[in-house]
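Q: Dumping the structure here so I can ask a few things about it.
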Amino acid sequence: MKKILPFLTIIIIIAIIVIIFLSMSNKKQMVVIHEGNHTHQAIDIKLNHFQDTQCGMTIVANKHSAQAVSPEGKTWFFDDVGCLALWYNNIKFQKDLILWVYSNDTNEYIDARTAWFNRTDTTPMGHGFGAFKEKQDGFITFEEVTLKVLRGEDLRNPYIRKELLGK
């Protein structure tokens, strides 16, 4: 009996390890980059299955999300326009990308370069930029959004938050 006990313990441990690895392989992995988007259109995001390329957060809502599509059909996903701006600043092929942002006023993806942005939305990463198709007073362009994010002039900055929201 004493000789069998260590052998059974090793077998049980190996079985547990195998079961853990098998269960992990059956889980759907998060999508960070989607390949094969040759139409260069915004992709329907399956919520809780796509992950932000910049910050790693799971995308739980279309509102405030964004996408970047390369000429080769690679698509990157973002849960916040501020995350897109940070990522966009660090790549060399900016001019080749098609950028999509989810519009608050039309509830669809629109071209980020022609979109207008407010600065006071409650967004997943706290940058505060909400996209709109129609311009309103005080709205800014995507180019201005990227500059403000890089300068730290968004709602994550307590001085800007106080200036824009009074809190």
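Ordering of the structure tokens sets the chain letters (A, B, ...); residue numbers start at 1 within each chain; ligands are numbered from 1 in the order shown.
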Quick check for you: according to DSSP on this backbone, which residues of region 26-100 of chain A are classed as strand (DSSP E)? Reply as a VMD selection string.
A: chain A and resid 33 to 34 66 to 69 75 to 78 98 to 100
Q: Give me the residues near Asp154 (chain A) as a list of chain:residue names, where near means some atom within 12 Å (using only C-alpha atoms) and where sequence neighbours in that chain fewer than 6 positions away do not count.
A: A:Val81, A:Gly82, A:Cys83, A:Ala85, A:Phe117, A:Asn118, A:Arg119, A:Thr120, A:Asp121, A:Thr122, A:Thr123, A:Met125, A:Gly126, A:His127, A:Gly128, A:Phe129, A:Gly130, A:Glu144, A:Val145, A:Thr146, A:Leu147, A:Lys148, A:Ile160, A:Arg161, A:Lys162, A:Glu163, A:Leu164, A:Leu165
Q: Given only C-alpha atoms as the basis, pick out the residue of A:Thr106, A:Ser70, A:Gly152, A:Phe77 nearest to Gln94 (chain A).
A: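 Ranking A:Thr106, A:Ser70, A:Gly152, A:Phe77 by distance to Gln94 (chain A), first place goes to A:Ser70.
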Q: Where in chain A does DSSP assign alpha helix (DSSP H), given as a PyMOL selection string?
A: chain A and resi 4-26+81-89+142-151+158-165
Q: How would the residues just chosen look if you wrote them out with N, CA and C atoms as a tab-separated table (two decimals), in the first residue's frame?
A:
```tsv
chain	number	residue	atom	x	y	z
A	4	ILE	N	2.16	2.04	-3.47
A	4	ILE	CA	1.13	2.47	-4.42
A	4	ILE	C	0.73	3.92	-4.18
A	5	LEU	N	0.72	4.40	-2.96
A	5	LEU	CA	0.28	5.75	-2.61
A	5	LEU	C	1.06	6.85	-3.34
A	6	PRO	N	2.40	6.84	-3.36
A	6	PRO	CA	3.11	7.88	-4.12
A	6	PRO	C	2.80	7.80	-5.62
A	7	PHE	N	2.67	6.60	-6.13
A	7	PHE	CA	2.36	6.43	-7.55
A	7	PHE	C	0.98	7.00	-7.88
A	8	LEU	N	-0.02	6.73	-7.04
A	8	LEU	CA	-1.37	7.27	-7.25
A	8	LEU	C	-1.38	8.80	-7.12
A	9	THR	N	-0.61	9.34	-6.21
A	9	THR	CA	-0.52	10.79	-6.04
A	9	THR	C	0.02	11.45	-7.30
A	10	ILE	N	1.06	10.88	-7.87
A	10	ILE	CA	1.65	11.41	-9.11
A	10	ILE	C	0.64	11.32	-10.25
A	11	ILE	N	-0.05	10.23	-10.38
A	11	ILE	CA	-1.06	10.06	-11.43
A	11	ILE	C	-2.17	11.10	-11.28
A	12	ILE	N	-2.63	11.33	-10.07
A	12	ILE	CA	-3.70	12.31	-9.82
A	12	ILE	C	-3.23	13.71	-10.18
A	13	ILE	N	-2.02	14.06	-9.79
A	13	ILE	CA	-1.47	15.39	-10.11
A	13	ILE	C	-1.37	15.57	-11.62
A	14	ILE	N	-0.88	14.58	-12.32
A	14	ILE	CA	-0.78	14.65	-13.79
A	14	ILE	C	-2.16	14.79	-14.41
A	15	ALA	N	-3.13	14.04	-13.91
A	15	ALA	CA	-4.50	14.12	-14.44
A	15	ALA	C	-5.08	15.52	-14.24
A	16	ILE	N	-4.84	16.12	-13.07
A	16	ILE	CA	-5.34	17.46	-12.80
A	16	ILE	C	-4.71	18.47	-13.77
A	17	ILE	N	-3.42	18.37	-13.98
A	17	ILE	CA	-2.72	19.27	-14.92
A	17	ILE	C	-3.28	19.12	-16.32
A	18	VAL	N	-3.49	17.90	-16.77
A	18	VAL	CA	-4.04	17.65	-18.11
A	18	VAL	C	-5.44	18.25	-18.23
A	19	ILE	N	-6.27	18.07	-17.22
A	19	ILE	CA	-7.63	18.62	-17.24
A	19	ILE	C	-7.60	20.15	-17.31
A	20	ILE	N	-6.71	20.77	-16.55
A	20	ILE	CA	-6.59	22.23	-16.58
A	20	ILE	C	-6.20	22.71	-17.97
A	21	PHE	N	-5.19	22.08	-18.57
A	21	PHE	CA	-4.75	22.49	-19.92
A	21	PHE	C	-5.85	22.27	-20.96
A	22	LEU	N	-6.56	21.18	-20.86
A	22	LEU	CA	-7.65	20.92	-21.82
A	22	LEU	C	-8.76	21.94	-21.67
A	23	SER	N	-9.11	22.29	-20.44
A	23	SER	CA	-10.18	23.28	-20.25
A	23	SER	C	-9.74	24.65	-20.75
A	24	MET	N	-8.48	25.00	-20.60
A	24	MET	CA	-7.98	26.29	-21.08
A	24	MET	C	-7.98	26.34	-22.60
A	25	SER	N	-7.70	25.24	-23.27
A	25	SER	CA	-7.64	25.24	-24.72
A	25	SER	C	-9.02	25.35	-25.35
A	26	ASN	N	-10.08	24.99	-24.62
A	26	ASN	CA	-11.43	25.08	-25.15
A	26	ASN	C	-12.04	26.47	-25.03
A	81	VAL	N	-11.74	56.34	-27.25
A	81	VAL	CA	-11.08	57.13	-28.30
A	81	VAL	C	-9.69	57.57	-27.84
A	82	GLY	N	-9.52	57.82	-26.55
A	82	GLY	CA	-8.21	58.19	-26.02
A	82	GLY	C	-7.18	57.08	-26.21
A	83	CYS	N	-7.60	55.83	-26.08
A	83	CYS	CA	-6.69	54.71	-26.31
A	83	CYS	C	-6.27	54.65	-27.79
A	84	LEU	N	-7.23	54.90	-28.69
A	84	LEU	CA	-6.89	54.97	-30.11
A	84	LEU	C	-5.86	56.07	-30.35
A	85	ALA	N	-6.05	57.24	-29.74
A	85	ALA	CA	-5.13	58.36	-29.94
A	85	ALA	C	-3.73	58.02	-29.43
A	86	LEU	N	-3.62	57.38	-28.29
A	86	LEU	CA	-2.31	56.98	-27.76
A	86	LEU	C	-1.62	55.99	-28.69
A	87	TRP	N	-2.35	54.98	-29.13
A	87	TRP	CA	-1.80	53.97	-30.03
A	87	TRP	C	-1.40	54.60	-31.35
A	88	TYR	N	-2.28	55.43	-31.89
A	88	TYR	CA	-2.08	56.09	-33.18
A	88	TYR	C	-0.79	56.90	-33.19
A	89	ASN	N	-0.48	57.54	-32.10
A	89	ASN	CA	0.72	58.35	-32.01
A	89	ASN	C	2.00	57.51	-32.10
A	142	PHE	N	-10.47	65.07	-34.64
A	142	PHE	CA	-9.65	63.95	-34.19
A	142	PHE	C	-8.20	64.38	-34.01
A	143	GLU	N	-7.72	65.23	-34.89
A	143	GLU	CA	-6.35	65.74	-34.77
A	143	GLU	C	-6.17	66.46	-33.43
A	144	GLU	N	-7.16	67.26	-33.05
A	144	GLU	CA	-7.09	67.96	-31.76
A	144	GLU	C	-7.20	66.97	-30.59
A	145	VAL	N	-8.01	65.94	-30.75
A	145	VAL	CA	-8.12	64.91	-29.71
A	145	VAL	C	-6.76	64.28	-29.46
A	146	THR	N	-6.06	63.89	-30.54
A	146	THR	CA	-4.76	63.23	-30.36
A	146	THR	C	-3.78	64.17	-29.66
A	147	LEU	N	-3.79	65.44	-30.01
A	147	LEU	CA	-2.90	66.39	-29.34
A	147	LEU	C	-3.23	66.52	-27.86
A	148	LYS	N	-4.51	66.61	-27.55
A	148	LYS	CA	-4.92	66.77	-26.15
A	148	LYS	C	-4.57	65.52	-25.33
A	149	VAL	N	-4.75	64.35	-25.90
A	149	VAL	CA	-4.39	63.12	-25.18
A	149	VAL	C	-2.89	63.09	-24.92
A	150	LEU	N	-2.11	63.41	-25.92
A	150	LEU	CA	-0.64	63.38	-25.76
A	150	LEU	C	-0.15	64.42	-24.76
A	151	ARG	N	-0.83	65.54	-24.68
A	151	ARG	CA	-0.45	66.59	-23.73
A	151	ARG	C	-1.05	66.37	-22.34
A	158	PRO	N	-6.76	66.27	-13.46
A	158	PRO	CA	-7.70	66.92	-12.53
A	158	PRO	C	-7.93	68.41	-12.82
A	159	TYR	N	-6.94	69.10	-13.34
A	159	TYR	CA	-7.10	70.52	-13.66
A	159	TYR	C	-8.05	70.69	-14.86
A	160	ILE	N	-7.90	69.85	-15.86
A	160	ILE	CA	-8.78	69.90	-17.04
A	160	ILE	C	-10.19	69.48	-16.62
A	161	ARG	N	-10.29	68.44	-15.79
A	161	ARG	CA	-11.61	67.98	-15.31
A	161	ARG	C	-12.33	69.12	-14.60
A	162	LYS	N	-11.62	69.83	-13.74
A	162	LYS	CA	-12.24	70.94	-13.00
A	162	LYS	C	-12.64	72.05	-13.96
A	163	GLU	N	-11.78	72.33	-14.95
A	163	GLU	CA	-12.08	73.38	-15.93
A	163	GLU	C	-13.33	73.05	-16.76
A	164	LEU	N	-13.43	71.78	-17.19
A	164	LEU	CA	-14.53	71.39	-18.07
A	164	LEU	C	-15.80	71.01	-17.33
A	165	LEU	N	-15.66	70.38	-16.17
A	165	LEU	CA	-16.83	69.87	-15.46
A	165	LEU	C	-17.13	70.60	-14.16
```
Q: Check the smallest atom-to-atom distance from each of A:Lys135, A:His34, A:Arg156, A:Lys95 to Gln51 (chain A) using only C-alpha atoms, then report the winner.
A: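 Looking at the shortest contact to Gln51 (chain A), the residue is A:His34.
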Q: Neighbouring residues of Thr114 (chain A) were defined as those with any atom within 12 Å, considering only C-alpha atoms; residues of the same chain fewer than 6 positions away were excluded. Please report them as JSON, numbers by chain.
A: {"A": [98, 99, 100, 101, 103, 131, 132, 133, 134, 135, 139, 140, 141, 142, 143, 144]}
Q: When distances are computed from only C-alpha atoms, which of A:Ile91, A:Gln67, A:Gly138, A:Asp80 shows the smallest separation from Gln41 (chain A)?
A: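 For Gln41 (chain A), the nearest of the given residues is A:Gln67.
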Q: I'd like the interatomic distance between CA of Gln136 (chain A) and CA of Leu97 (chain A), to a tenth of an Å.
A: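 Going from CA of Gln136 (chain A) over to CA of Leu97 (chain A), I get 26.1 Å.
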Q: Name the closest residue to Val69 (chain A) among the candidates A:Asn90, A:Cys55, A:Glu35, A:Asp44; distances are taken between atoms, counting only C-alpha atoms.
A: A:Glu35
